[in-house]
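The data block below is start39.cif; it holds mmCIF, C-alpha atoms.
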```
data_model
#
loop_
_atom_site.group_PDB
_atom_site.id
_atom_site.type_symbol
_atom_site.label_atom_id
_atom_site.label_comp_id
_atom_site.auth_asym_id
_atom_site.auth_seq_id
_atom_site.Cartn_x
_atom_site.Cartn_y
_atom_site.Cartn_z
ATOM 1 C CA MET A 1 -24.437 13.016 -4.209
ATOM 2 C CA ILE A 2 -22.798 9.901 -5.668
ATOM 3 C CA LYS A 3 -23.694 6.967 -3.473
ATOM 4 C CA ARG A 4 -20.520 4.947 -3.786
ATOM 5 C CA LYS A 5 -19.966 2.541 -0.897
ATOM 6 C CA VAL A 6 -16.313 2.342 0.058
ATOM 7 C CA LEU A 7 -14.625 -0.311 2.201
ATOM 8 C CA VAL A 8 -11.053 0.107 3.462
ATOM 9 C CA TYR A 9 -9.695 -3.237 4.653
ATOM 10 C CA TYR A 10 -6.532 -3.160 6.797
ATOM 11 C CA ALA A 11 -5.126 -6.633 6.245
ATOM 12 C CA TRP A 12 -2.972 -6.811 9.359
ATOM 13 C CA SER A 13 -3.235 -8.907 12.493
ATOM 14 C CA ARG A 14 -3.002 -6.563 15.440
ATOM 15 C CA PRO A 15 -1.901 -9.342 17.857
ATOM 16 C CA GLY A 16 0.634 -10.490 15.292
ATOM 17 C CA GLU A 17 2.085 -7.003 14.835
ATOM 18 C CA ASN A 18 1.940 -5.989 18.486
ATOM 19 C CA GLY A 19 3.468 -9.297 19.560
ATOM 20 C CA ALA A 20 6.716 -8.727 17.671
ATOM 21 C CA PRO A 21 9.635 -8.941 20.140
ATOM 22 C CA LEU A 22 11.096 -5.484 20.663
ATOM 23 C CA HIS A 23 14.639 -6.843 20.913
ATOM 24 C CA VAL A 24 14.430 -7.865 17.238
ATOM 25 C CA ILE A 25 14.613 -4.852 14.918
ATOM 26 C CA GLU A 26 13.636 -6.612 11.678
ATOM 27 C CA ASP A 27 10.233 -7.391 10.163
ATOM 28 C CA ARG A 28 8.060 -5.293 12.412
ATOM 29 C CA PHE A 29 6.533 -1.868 12.878
ATOM 30 C CA PRO A 30 8.116 0.463 15.428
ATOM 31 C CA ALA A 31 6.427 0.898 18.770
ATOM 32 C CA LEU A 32 4.971 4.321 19.448
ATOM 33 C CA PHE A 33 7.748 5.100 21.943
ATOM 34 C CA GLU A 34 10.358 4.218 19.276
ATOM 35 C CA SER A 35 8.693 6.516 16.751
ATOM 36 C CA ARG A 36 8.756 9.326 19.283
ATOM 37 C CA ARG A 37 12.448 8.698 19.942
ATOM 38 C CA MET A 38 13.448 8.488 16.264
ATOM 39 C CA GLY A 39 11.310 11.420 15.156
ATOM 40 C CA PHE A 40 11.603 13.837 18.086
ATOM 41 C CA PRO A 41 10.053 16.392 18.409
ATOM 42 C CA ARG A 42 7.577 14.953 15.926
ATOM 43 C CA PHE A 43 4.896 12.847 17.678
ATOM 44 C CA HIS A 44 5.640 14.495 21.025
ATOM 45 C CA GLU A 45 1.886 14.927 21.469
ATOM 46 C CA PHE A 46 1.697 11.160 22.069
ATOM 47 C CA SER A 47 4.239 11.107 24.906
ATOM 48 C CA ASP A 48 1.850 10.632 27.837
ATOM 49 C CA PRO A 49 1.638 6.849 28.486
ATOM 50 C CA ARG A 50 -1.555 7.354 30.493
ATOM 51 C CA GLN A 51 -3.325 8.513 27.321
ATOM 52 C CA PHE A 52 -1.437 6.743 24.534
ATOM 53 C CA ASP A 53 -0.384 3.114 24.334
ATOM 54 C CA GLN A 54 3.385 3.221 23.748
ATOM 55 C CA SER A 55 3.557 -0.202 22.054
ATOM 56 C CA VAL A 56 3.203 -1.184 18.394
ATOM 57 C CA ALA A 57 -0.566 -0.977 18.916
ATOM 58 C CA GLY A 58 -0.174 2.702 19.744
ATOM 59 C CA PHE A 59 1.808 3.207 16.553
ATOM 60 C CA LEU A 60 -0.932 1.532 14.499
ATOM 61 C CA ASP A 61 -3.659 3.640 16.088
ATOM 62 C CA HIS A 62 -2.052 7.065 16.412
ATOM 63 C CA ILE A 63 0.356 7.152 13.472
ATOM 64 C CA MET A 64 -0.388 4.475 10.896
ATOM 65 C CA LYS A 65 -4.185 4.623 10.675
ATOM 66 C CA ARG A 66 -4.116 8.406 10.991
ATOM 67 C CA ASN A 67 -2.227 8.498 7.676
ATOM 68 C CA PHE A 68 -5.391 7.396 5.874
ATOM 69 C CA THR A 69 -7.780 9.820 7.569
ATOM 70 C CA ALA A 70 -7.625 12.414 4.769
ATOM 71 C CA PHE A 71 -8.783 9.878 2.183
ATOM 72 C CA VAL A 72 -11.502 8.457 4.421
ATOM 73 C CA ASP A 73 -12.837 11.932 5.212
ATOM 74 C CA LEU A 74 -12.788 13.037 1.570
ATOM 75 C CA ALA A 75 -14.513 9.872 0.392
ATOM 76 C CA ALA A 76 -17.229 10.305 3.010
ATOM 77 C CA ALA A 77 -17.765 13.939 2.025
ATOM 78 C CA LEU A 78 -17.976 13.152 -1.695
ATOM 79 C CA THR A 79 -20.210 10.093 -1.383
ATOM 80 C CA GLY A 80 -22.440 11.340 1.396
ATOM 81 C CA GLN A 81 -21.937 8.218 3.469
ATOM 82 C CA SER A 82 -19.335 6.962 5.877
ATOM 83 C CA VAL A 83 -16.453 4.773 4.765
ATOM 84 C CA THR A 84 -16.334 1.339 6.371
ATOM 85 C CA GLU A 85 -12.939 0.562 7.918
ATOM 86 C CA ILE A 86 -12.164 -3.010 8.968
ATOM 87 C CA GLU A 87 -9.069 -4.552 10.542
ATOM 88 C CA ARG A 88 -8.490 -8.176 9.556
ATOM 89 C CA VAL A 89 -7.595 -9.379 13.067
ATOM 90 C CA THR A 90 -8.454 -7.153 16.021
ATOM 91 C CA ASP A 91 -6.695 -6.952 19.377
ATOM 92 C CA ASP A 92 -8.864 -9.683 20.881
ATOM 93 C CA GLY A 93 -8.022 -12.067 18.023
ATOM 94 C CA THR A 94 -11.310 -11.715 16.167
ATOM 95 C CA LEU A 95 -10.816 -12.432 12.457
ATOM 96 C CA THR A 96 -12.994 -10.574 9.966
ATOM 97 C CA PRO A 97 -12.339 -12.201 6.607
ATOM 98 C CA LEU A 98 -12.732 -10.381 3.316
ATOM 99 C CA ASP A 99 -15.723 -12.485 2.369
ATOM 100 C CA ALA A 100 -19.009 -12.134 0.528
ATOM 101 C CA ARG A 101 -20.784 -10.887 3.648
ATOM 102 C CA LEU A 102 -18.293 -8.073 4.116
ATOM 103 C CA LEU A 103 -18.382 -7.101 0.433
ATOM 104 C CA ASN A 104 -22.180 -7.049 0.254
ATOM 105 C CA GLY A 105 -23.285 -3.604 -0.918
ATOM 106 C CA VAL A 106 -19.697 -2.392 -1.496
ATOM 107 C CA ASP A 107 -18.655 -1.139 -4.944
ATOM 108 C CA THR A 108 -15.221 0.316 -4.075
ATOM 109 C CA LEU A 109 -12.743 -1.803 -2.155
ATOM 110 C CA ILE A 110 -9.284 -0.727 -0.971
ATOM 111 C CA VAL A 111 -7.136 -3.429 0.613
ATOM 112 C CA ILE A 112 -4.338 -1.874 2.681
ATOM 113 C CA SER A 113 -1.917 -4.805 2.901
ATOM 114 C CA PHE A 114 0.370 -3.292 5.503
ATOM 115 C CA ASP A 115 0.772 -6.709 7.116
ATOM 116 C CA SER A 116 4.241 -7.987 8.023
ATOM 117 C CA LEU A 117 5.113 -11.188 6.196
ATOM 118 C CA ARG A 118 6.168 -12.514 9.592
ATOM 119 C CA THR A 119 2.495 -12.619 10.647
ATOM 120 C CA VAL A 120 1.516 -14.842 7.687
ATOM 121 C CA GLN A 121 -1.716 -13.123 6.666
ATOM 122 C CA THR A 122 -2.929 -15.286 3.779
ATOM 123 C CA ALA A 123 -6.157 -14.976 1.823
ATOM 124 C CA GLU A 124 -8.328 -18.045 2.273
ATOM 125 C CA SER A 125 -10.094 -19.682 -0.674
ATOM 126 C CA GLY A 126 -13.425 -18.135 0.316
ATOM 127 C CA GLU A 127 -11.887 -14.664 0.338
ATOM 128 C CA ILE A 128 -10.345 -15.139 -3.094
ATOM 129 C CA GLU A 129 -13.650 -16.350 -4.509
ATOM 130 C CA ALA A 130 -15.500 -13.475 -2.857
ATOM 131 C CA LEU A 131 -13.227 -10.964 -4.557
ATOM 132 C CA ARG A 132 -13.485 -12.824 -7.848
ATOM 133 C CA THR A 133 -17.282 -12.613 -7.591
ATOM 134 C CA PHE A 134 -17.021 -8.931 -6.612
ATOM 135 C CA LEU A 135 -15.064 -8.275 -9.811
ATOM 136 C CA GLU A 136 -17.771 -9.883 -11.946
ATOM 137 C CA ARG A 137 -19.705 -6.616 -11.683
ATOM 138 C CA PRO A 138 -18.558 -4.011 -14.272
ATOM 139 C CA ASP A 139 -19.227 -1.172 -11.825
ATOM 140 C CA HIS A 140 -16.988 -2.621 -9.114
ATOM 141 C CA LEU A 141 -13.439 -1.452 -8.470
ATOM 142 C CA ALA A 142 -10.842 -2.987 -6.170
ATOM 143 C CA PHE A 143 -7.413 -1.658 -5.235
ATOM 144 C CA VAL A 144 -5.084 -4.255 -3.721
ATOM 145 C CA CYS A 145 -2.193 -2.438 -2.092
ATOM 146 C CA PRO A 146 0.965 -3.937 -0.610
ATOM 147 C CA HIS A 147 3.853 -1.829 0.657
ATOM 148 C CA HIS A 148 7.584 -2.399 0.286
ATOM 149 C CA ASP A 149 9.722 -5.512 0.710
ATOM 150 C CA ILE A 150 13.072 -4.192 1.930
ATOM 151 C CA GLY A 151 16.113 -6.337 2.695
ATOM 152 C CA ASP A 152 14.922 -9.674 1.281
ATOM 153 C CA VAL A 153 18.338 -11.304 0.781
ATOM 154 C CA ALA A 154 17.596 -14.975 1.387
ATOM 155 C CA HIS A 155 18.536 -15.785 -2.216
ATOM 156 C CA LEU A 156 22.048 -14.371 -1.803
ATOM 157 C CA PRO A 157 25.123 -16.104 -0.377
ATOM 158 C CA ASP A 158 25.607 -15.470 3.332
ATOM 159 C CA ASP A 159 28.651 -13.285 2.790
ATOM 160 C CA GLU A 160 26.693 -10.933 0.481
ATOM 161 C CA GLN A 161 23.505 -10.507 2.480
ATOM 162 C CA LEU A 162 24.545 -7.764 4.899
ATOM 163 C CA GLN A 163 26.169 -5.629 2.191
ATOM 164 C CA ARG A 164 23.030 -5.855 0.075
ATOM 165 C CA GLN A 165 20.870 -4.747 3.001
ATOM 166 C CA ILE A 166 23.230 -1.852 3.681
ATOM 167 C CA ALA A 167 22.990 -0.791 0.018
ATOM 168 C CA GLU A 168 19.192 -0.838 0.117
ATOM 169 C CA PHE A 169 19.213 1.056 3.424
ATOM 170 C CA HIS A 170 21.442 3.814 2.078
ATOM 171 C CA HIS A 171 19.390 4.078 -1.122
ATOM 172 C CA HIS A 172 16.060 4.863 0.525
ATOM 173 C CA GLY A 173 17.752 6.869 3.279
ATOM 174 C CA ASP A 174 15.057 6.433 5.934
ATOM 175 C CA LYS A 175 16.864 5.883 9.220
ATOM 176 C CA THR A 176 13.667 4.649 10.886
ATOM 177 C CA ILE A 177 13.463 1.545 8.689
ATOM 178 C CA PRO A 178 15.246 -1.644 9.799
ATOM 179 C CA PRO A 179 17.522 -3.605 7.430
ATOM 180 C CA ARG A 180 14.701 -6.029 6.644
ATOM 181 C CA GLN A 181 11.050 -5.024 6.650
ATOM 182 C CA ARG A 182 8.724 -7.121 4.515
ATOM 183 C CA PHE A 183 5.052 -6.283 4.012
ATOM 184 C CA GLY A 184 2.137 -7.365 1.863
ATOM 185 C CA GLY A 185 1.638 -11.089 2.318
ATOM 186 C CA PHE A 186 -2.137 -10.799 2.208
ATOM 187 C CA ALA A 187 -2.046 -8.797 -1.028
ATOM 188 C CA ARG A 188 0.360 -11.253 -2.622
ATOM 189 C CA SER A 189 -1.804 -14.250 -1.730
ATOM 190 C CA LEU A 190 -4.978 -12.509 -2.879
ATOM 191 C CA LEU A 191 -3.500 -11.546 -6.251
ATOM 192 C CA ALA A 192 -1.962 -14.971 -6.777
ATOM 193 C CA GLY A 193 -5.309 -16.596 -6.000
ATOM 194 C CA LEU A 194 -6.964 -14.412 -8.640
ATOM 195 C CA GLY A 195 -4.407 -15.581 -11.200
ATOM 196 C CA VAL A 196 -2.532 -12.253 -11.369
ATOM 197 C CA PRO A 197 0.515 -12.694 -9.117
ATOM 198 C CA VAL A 198 2.424 -9.534 -8.237
ATOM 199 C CA GLU A 199 5.393 -9.047 -5.911
ATOM 200 C CA ASN A 200 6.118 -5.754 -4.162
ATOM 201 C CA ARG A 201 9.881 -5.766 -4.630
ATOM 202 C CA PHE A 202 12.328 -3.428 -2.882
ATOM 203 C CA GLY A 203 11.891 0.015 -1.370
ATOM 204 C CA LEU A 204 12.894 2.584 -3.989
ATOM 205 C CA ARG A 205 13.341 6.300 -3.502
ATOM 206 C CA PRO A 206 11.175 8.253 -5.977
ATOM 207 C CA ALA A 207 12.481 11.287 -7.837
ATOM 208 C CA ALA A 208 11.685 14.821 -6.708
ATOM 209 C CA GLU A 209 11.753 18.177 -8.446
ATOM 210 C CA ALA A 210 14.269 20.884 -7.560
ATOM 211 C CA ASP A 211 11.744 22.494 -5.198
ATOM 212 C CA GLY A 212 11.279 19.225 -3.316
ATOM 213 C CA SER A 213 7.873 18.354 -4.784
ATOM 214 C CA PRO A 214 7.221 14.930 -6.332
ATOM 215 C CA ALA A 215 8.410 14.439 -9.895
ATOM 216 C CA PRO A 216 5.616 13.978 -12.474
ATOM 217 C CA ILE A 217 4.331 10.459 -12.969
ATOM 218 C CA GLU A 218 4.677 8.698 -16.318
ATOM 219 C CA ALA A 219 1.092 7.668 -17.052
ATOM 220 C CA ASP A 220 -0.263 5.675 -19.988
ATOM 221 C CA THR A 221 -3.433 7.740 -20.265
ATOM 222 C CA ALA A 222 -4.671 5.699 -23.241
ATOM 223 C CA LEU A 223 -5.245 2.831 -20.793
ATOM 224 C CA ASP A 224 -7.074 4.959 -18.216
ATOM 225 C CA ARG A 225 -10.572 3.784 -19.141
ATOM 226 C CA LEU A 226 -12.092 4.884 -15.809
ATOM 227 C CA GLY A 227 -10.583 8.368 -15.884
ATOM 228 C CA LEU A 228 -8.827 7.813 -12.571
ATOM 229 C CA LEU A 229 -5.812 9.889 -13.605
ATOM 230 C CA GLN A 230 -7.620 13.004 -14.731
ATOM 231 C CA ARG A 231 -5.851 16.058 -13.201
ATOM 232 C CA VAL A 232 -3.414 13.692 -11.443
ATOM 233 C CA GLY A 233 0.136 14.823 -12.172
ATOM 234 C CA THR A 234 2.100 13.246 -9.309
ATOM 235 C CA PHE A 235 1.899 10.530 -6.686
ATOM 236 C CA ASN A 236 3.903 10.895 -3.470
ATOM 237 C CA LEU A 237 7.463 10.949 -2.162
ATOM 238 C CA HIS A 238 7.339 8.123 0.318
ATOM 239 C CA PRO A 239 11.042 7.216 0.508
ATOM 240 C CA HIS A 240 10.633 3.476 -0.030
ATOM 241 C CA LEU A 241 8.167 2.523 -2.747
ATOM 242 C CA PRO A 242 7.986 -0.918 -4.361
ATOM 243 C CA GLN A 243 8.457 -2.116 -7.895
ATOM 244 C CA LEU A 244 5.125 -3.876 -8.518
ATOM 245 C CA GLU A 245 6.519 -6.792 -10.449
ATOM 246 C CA ARG A 246 4.062 -8.807 -12.513
ATOM 247 C CA LEU A 247 4.707 -12.534 -12.536
ATOM 248 C CA GLY A 248 3.403 -15.331 -14.762
ATOM 249 C CA GLU A 249 -0.091 -14.697 -16.078
ATOM 250 C CA ALA A 250 -0.144 -11.208 -14.581
ATOM 251 C CA ILE A 251 2.148 -10.024 -17.391
ATOM 252 C CA GLU A 252 -0.665 -10.649 -19.870
ATOM 253 C CA LYS A 253 -3.562 -9.763 -17.576
ATOM 254 C CA LEU A 254 -2.347 -6.513 -15.974
ATOM 255 C CA ASP A 255 -1.133 -3.329 -17.657
ATOM 256 C CA VAL A 256 1.285 -0.805 -16.189
ATOM 257 C CA LEU A 257 -0.821 2.319 -15.871
ATOM 258 C CA VAL A 258 1.734 4.516 -14.053
ATOM 259 C CA ARG A 259 5.489 4.522 -13.609
ATOM 260 C CA GLN A 260 7.487 6.736 -11.264
ATOM 261 C CA ARG A 261 11.040 7.895 -11.805
ATOM 262 C CA ILE A 262 13.738 6.737 -9.406
ATOM 263 C CA ASP A 263 15.847 9.391 -7.701
ATOM 264 C CA ARG A 264 19.112 9.350 -9.643
ATOM 265 C CA THR A 265 20.858 11.282 -6.863
ATOM 266 C CA ALA A 266 20.177 8.517 -4.340
ATOM 267 C CA PRO A 267 22.927 6.033 -3.460
ATOM 268 C CA PRO A 268 23.108 2.989 -5.764
ATOM 269 C CA HIS A 269 20.513 0.240 -5.630
ATOM 270 C CA PRO A 270 20.650 -3.041 -7.595
ATOM 271 C CA PHE A 271 17.301 -2.374 -9.290
ATOM 272 C CA ALA A 272 18.034 1.296 -9.942
ATOM 273 C CA ASN A 273 21.322 0.382 -11.603
ATOM 274 C CA ASP A 274 19.333 -1.050 -14.521
ATOM 275 C CA HIS A 275 16.046 0.883 -14.386
ATOM 276 C CA ALA A 276 15.141 4.581 -14.477
ATOM 277 C CA THR A 277 11.548 3.993 -13.336
ATOM 278 C CA PHE A 278 9.490 1.548 -11.306
ATOM 279 C CA ASP A 279 5.959 0.263 -11.979
ATOM 280 C CA ALA A 280 3.768 2.184 -9.532
ATOM 281 C CA LEU A 281 0.193 1.409 -10.608
ATOM 282 C CA LEU A 282 -1.148 -1.680 -12.367
ATOM 283 C CA GLN A 283 -4.607 -2.140 -13.869
ATOM 284 C CA SER A 284 -6.410 -5.246 -15.058
ATOM 285 C CA ARG A 285 -7.008 -5.464 -18.777
ATOM 286 C CA PRO A 286 -10.654 -5.235 -19.938
ATOM 287 C CA ASP A 287 -10.903 -8.981 -20.613
ATOM 288 C CA THR A 288 -9.378 -10.043 -17.261
ATOM 289 C CA PHE A 289 -12.367 -9.136 -15.067
ATOM 290 C CA ALA A 290 -15.686 -7.450 -15.792
ATOM 291 C CA GLY A 291 -14.864 -5.002 -13.008
ATOM 292 C CA SER A 292 -11.542 -3.273 -12.491
ATOM 293 C CA LEU A 293 -8.629 -4.446 -10.349
ATOM 294 C CA LEU A 294 -5.759 -2.091 -9.618
ATOM 295 C CA VAL A 295 -2.545 -2.686 -7.698
ATOM 296 C CA SER A 296 -0.703 0.169 -5.999
ATOM 297 C CA ASP A 297 1.433 0.912 -2.997
ATOM 298 C CA THR A 298 -0.443 1.432 0.275
ATOM 299 C CA THR A 299 0.852 4.990 0.582
ATOM 300 C CA LEU A 300 -1.134 6.067 -2.481
ATOM 301 C CA TRP A 301 -3.928 6.542 0.085
ATOM 302 C CA SER A 302 -1.765 8.296 2.667
ATOM 303 C CA SER A 303 -1.512 12.028 3.247
ATOM 304 C CA THR A 304 1.916 12.106 4.879
ATOM 305 C CA ALA A 305 4.466 11.838 2.039
ATOM 306 C CA GLY A 306 3.749 14.825 -0.214
ATOM 307 C CA GLY A 307 1.759 15.336 -3.393
ATOM 308 C CA VAL A 308 -1.512 15.501 -1.468
ATOM 309 C CA ASP A 309 -3.283 17.913 -3.824
ATOM 310 C CA SER A 310 -2.713 15.558 -6.747
ATOM 311 C CA LEU A 311 -3.593 12.499 -4.657
ATOM 312 C CA ARG A 312 -6.871 14.134 -3.640
ATOM 313 C CA GLU A 313 -7.729 14.376 -7.341
ATOM 314 C CA LEU A 314 -7.083 10.640 -7.665
ATOM 315 C CA TRP A 315 -9.168 9.858 -4.591
ATOM 316 C CA ALA A 316 -12.023 12.001 -5.896
ATOM 317 C CA ASN A 317 -11.845 10.307 -9.299
ATOM 318 C CA VAL A 318 -12.075 6.895 -7.644
ATOM 319 C CA VAL A 319 -15.190 7.640 -5.599
ATOM 320 C CA GLN A 320 -16.855 9.850 -8.224
ATOM 321 C CA ARG A 321 -16.231 7.638 -11.257
ATOM 322 C CA PRO A 322 -19.216 7.134 -13.566
ATOM 323 C CA HIS A 323 -21.352 4.084 -13.011
ATOM 324 C CA ARG A 324 -20.877 1.220 -15.448
ATOM 325 C CA SER A 325 -23.420 -1.433 -16.312
#
```
Structure re-expressed in structure tokens:
Amino acid sequence: MIKRKVLVYYAWSRPGENGAPLHVIEDRFPALFESRRMGFPRFHEFSDPRQFDQSVAGFLDHIMKRNFTAFVDLAAALTGQSVTEIERVTDDGTLTPLDARLLNGVDTLIVISFDSLRTVQTAESGEIEALRTFLERPDHLAFVCPHHDIGDVAHLPDDEQLQRQIAEFHHHGDKTIPPRQRFGGFARSLLAGLGVPVENRFGLRPAAEADGSPAPIEADTALDRLGLLQRVGTFNLHPHLPQLERLGEAIEKLDVLVRQRIDRTAPPHPFANDHATFDALLQSRPDTFAGSLLVSDTTLWSSTAGGVDSLRELWANVVQRPHRS
């Protein structure tokens, strides 16, 4: 058995997410009762309010975190030890920072930055330095994973903002997503603090094959020094995936390891008008850190958007990668 020690860090604030006013549709998760309403009869098993919290907290527990169960279970089976799962801020307000104490003994870190920008989850200096120290070990690997940033129109004139949000909404086609839903503030701050700023722009619909399966990824296998993409032919079909846009020094310090094709049959989108693909997986260059830093969408670790067989190969490659000294 390979004795990799895996930490999955959910970078949200549960009070911050659960405290979103339900009369405002933007910049929040749905409550469990809203998910049941929008997806009926899906999620009907969670309809009893005596057993299942019907608020946003119920959504986080019974829908969101459940999405990552397949990865957590596989990693535990392959490594022979349980995966540590930590929420940044728990329901009672307790903050567990991503610090040296938490990273002690860990060699594989996955930061699920599914935090709403509204909740202002920002990496503190000690957390940035802890991750920098973590990446000084050649055998260490960290994935920092934001999700999409849909409907960010603050830079547009007032009379253009609504039409832009409507265009983005029609492009991804997910009726459960509000006109503006911005995630990943913790990931952004962490990456910027490490000197490799990345923004998770837009929510793009990935291409599918005629049979409805995910289209093949476009991978630069010559850059895959850890062998993470062996036997990995596709990612997933989550309907709103971000362009992982490298900014400033990140252009020279991070490579694009994988691109995904955009669905050309989807309604127009400003980014898709000029691009056939989006950058789906970034990897630090060998001289950036001694260890390896990768940036992906959060749903790369989810089992609910298709392509699971291929994703399981990726997950296995991550936790079974050879040791490096």
Query raised in the report: Using all atoms listed in the file, which of the listed residues (A:Gly193, A:Pro206, A:Pro216, A:Gly227) sits closest to A:Ala250?
Result: A:Gly193
Query raised in the report: Which is closest to A:Met38 among A:Lys175, A:Phe68, A:Ile63, A:His148, if we use all atoms listed in the file?
Result: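 Selected residue with least distance to A:Met38: A:Lys175.
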What lies within 12 Å of A:Ile25 using all atoms listed in the file, ignoring chain neighbours under 4 positions off, as a PDB file with C-alpha atoms, in the coordinates of the input?
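As a result, result_17.pdb now contains:
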```
ATOM      1  CA  ALA A  20       6.716  -8.727  17.671  1.00  0.00           C
ATOM      2  CA  PRO A  21       9.635  -8.941  20.140  1.00  0.00           C
ATOM      3  CA  PHE A  29       6.533  -1.868  12.878  1.00  0.00           C
ATOM      4  CA  PRO A  30       8.116   0.463  15.428  1.00  0.00           C
ATOM      5  CA  ALA A  31       6.427   0.898  18.770  1.00  0.00           C
ATOM      6  CA  GLU A  34      10.358   4.218  19.276  1.00  0.00           C
ATOM      7  CA  THR A 176      13.667   4.649  10.886  1.00  0.00           C
ATOM      8  CA  ILE A 177      13.463   1.545   8.689  1.00  0.00           C
ATOM      9  CA  PRO A 178      15.246  -1.644   9.799  1.00  0.00           C
ATOM     10  CA  PRO A 179      17.522  -3.605   7.430  1.00  0.00           C
ATOM     11  CA  ARG A 180      14.701  -6.029   6.644  1.00  0.00           C
ATOM     12  CA  GLN A 181      11.050  -5.024   6.650  1.00  0.00           C
TER      13      GLN A 181
END
```
Query raised in the report: How far is it from atom CA of A:Phe46 to atom CA of A:Asp61, in Å with one decimal?
Result: 11.0 Å
Query raised in the report: Hey, can you check how far atom CA of A:Glu85 sits from atom CA of A:Ala123?
Result: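 Spanning atom CA of A:Glu85 to atom CA of A:Ala123 is a straight-line distance of 18.0 Å.
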Query - Residue with smallest distance to A:Cys145 - pool A:Met64, A:Val198, A:Ala305, A:Ala130, counting all atoms listed in the file - result: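 The answer is A:Val198, which sits nearest to A:Cys145.
Residues matching the PyMOL selection byres ((chain A and resi 256-264) around 6) in this structure come to Arg205, Pro206, Ala207, Ile217, Glu218, Ala219, Asp220, Asp255, Thr265, Ala266, Ala276, Thr277, Phe278, Asp279, Ala280, Leu281 and Leu282 of chain A.
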**Report entry** Non-local contacts of A:Thr122 (10 Å; all atoms listed in the file; under 6 positions in same chain excluded) as a PyMOL selection string
**Finding:** chain A and resi 11+115+184-190
**Report entry** Selected residue of minimal separation from A:Leu95 among A:Pro197, A:Gly16, A:Pro214, A:Gly151, counting only C-alpha atoms
**Finding:**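 Selected residue with least distance to A:Leu95: A:Gly16.
For the choices A:His62, A:Arg28, A:His171, A:Arg4, the atom-to-atom distance to A:Leu109 is smallest for A:Arg4 when using only C-alpha atoms.
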Requested in this report: Could you tell me which of A:Arg36, A:His147, A:Arg182, A:Arg324 comes closest to A:Arg118 if we count all atoms listed in the file?
Outcome: A:Arg182
Requested in this report: Rounded to one decimal place, report the atom CA of A:Glu252-atom CA of A:Ala100 distance in Å.
Outcome: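 Between atom CA of A:Glu252 and atom CA of A:Ala100 the gap is 27.5 Å.
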Requested in this report: Using the chain letters and numbers from the file, give me the residues hit by the PyMOL selection byres ((chain A and resi 316) around 12), as an MDAnalysis selection string.
Outcome: chainID A and resid 2 4 70:79 227:232 301 308:315 317:322
Take the residues just selected and output them with C-alpha atoms as a PDB file, keeping the file's coordinate frame.
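Heads up, here's the output in again19.pdb:
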```
ATOM      1  CA  ILE A   2     -22.798   9.901  -5.668  1.00  0.00           C
ATOM      2  CA  ARG A   4     -20.520   4.947  -3.786  1.00  0.00           C
ATOM      3  CA  ALA A  70      -7.625  12.414   4.769  1.00  0.00           C
ATOM      4  CA  PHE A  71      -8.783   9.878   2.183  1.00  0.00           C
ATOM      5  CA  VAL A  72     -11.502   8.457   4.421  1.00  0.00           C
ATOM      6  CA  ASP A  73     -12.837  11.932   5.212  1.00  0.00           C
ATOM      7  CA  LEU A  74     -12.788  13.037   1.570  1.00  0.00           C
ATOM      8  CA  ALA A  75     -14.513   9.872   0.392  1.00  0.00           C
ATOM      9  CA  ALA A  76     -17.229  10.305   3.010  1.00  0.00           C
ATOM     10  CA  ALA A  77     -17.765  13.939   2.025  1.00  0.00           C
ATOM     11  CA  LEU A  78     -17.976  13.152  -1.695  1.00  0.00           C
ATOM     12  CA  THR A  79     -20.210  10.093  -1.383  1.00  0.00           C
ATOM     13  CA  GLY A 227     -10.583   8.368 -15.884  1.00  0.00           C
ATOM     14  CA  LEU A 228      -8.827   7.813 -12.571  1.00  0.00           C
ATOM     15  CA  LEU A 229      -5.812   9.889 -13.605  1.00  0.00           C
ATOM     16  CA  GLN A 230      -7.620  13.004 -14.731  1.00  0.00           C
ATOM     17  CA  ARG A 231      -5.851  16.058 -13.201  1.00  0.00           C
ATOM     18  CA  VAL A 232      -3.414  13.692 -11.443  1.00  0.00           C
ATOM     19  CA  TRP A 301      -3.928   6.542   0.085  1.00  0.00           C
ATOM     20  CA  VAL A 308      -1.512  15.501  -1.468  1.00  0.00           C
ATOM     21  CA  ASP A 309      -3.283  17.913  -3.824  1.00  0.00           C
ATOM     22  CA  SER A 310      -2.713  15.558  -6.747  1.00  0.00           C
ATOM     23  CA  LEU A 311      -3.593  12.499  -4.657  1.00  0.00           C
ATOM     24  CA  ARG A 312      -6.871  14.134  -3.640  1.00  0.00           C
ATOM     25  CA  GLU A 313      -7.729  14.376  -7.341  1.00  0.00           C
ATOM     26  CA  LEU A 314      -7.083  10.640  -7.665  1.00  0.00           C
ATOM     27  CA  TRP A 315      -9.168   9.858  -4.591  1.00  0.00           C
ATOM     28  CA  ASN A 317     -11.845  10.307  -9.299  1.00  0.00           C
ATOM     29  CA  VAL A 318     -12.075   6.895  -7.644  1.00  0.00           C
ATOM     30  CA  VAL A 319     -15.190   7.640  -5.599  1.00  0.00           C
ATOM     31  CA  GLN A 320     -16.855   9.850  -8.224  1.00  0.00           C
ATOM     32  CA  ARG A 321     -16.231   7.638 -11.257  1.00  0.00           C
ATOM     33  CA  PRO A 322     -19.216   7.134 -13.566  1.00  0.00           C
TER      34      PRO A 322
END
```
Report task. Convert the output of the PyMOL selection byres ((chain A and resi 204) around 7) on the shown file into explicit residues, formatted as an NGL selection string. Result -> :A and (172 or 202-203 or 205-206 or 239-242 or 262)
Query - Contacts of stretch 104-107 of chain A at 12 Å (all atoms listed in the file; same-chain gap of 5+ positions) as a PyMOL selection string - result: chain A and resi 2-9+79+81-85+98-99+130-131+133-143+291-293+318-324
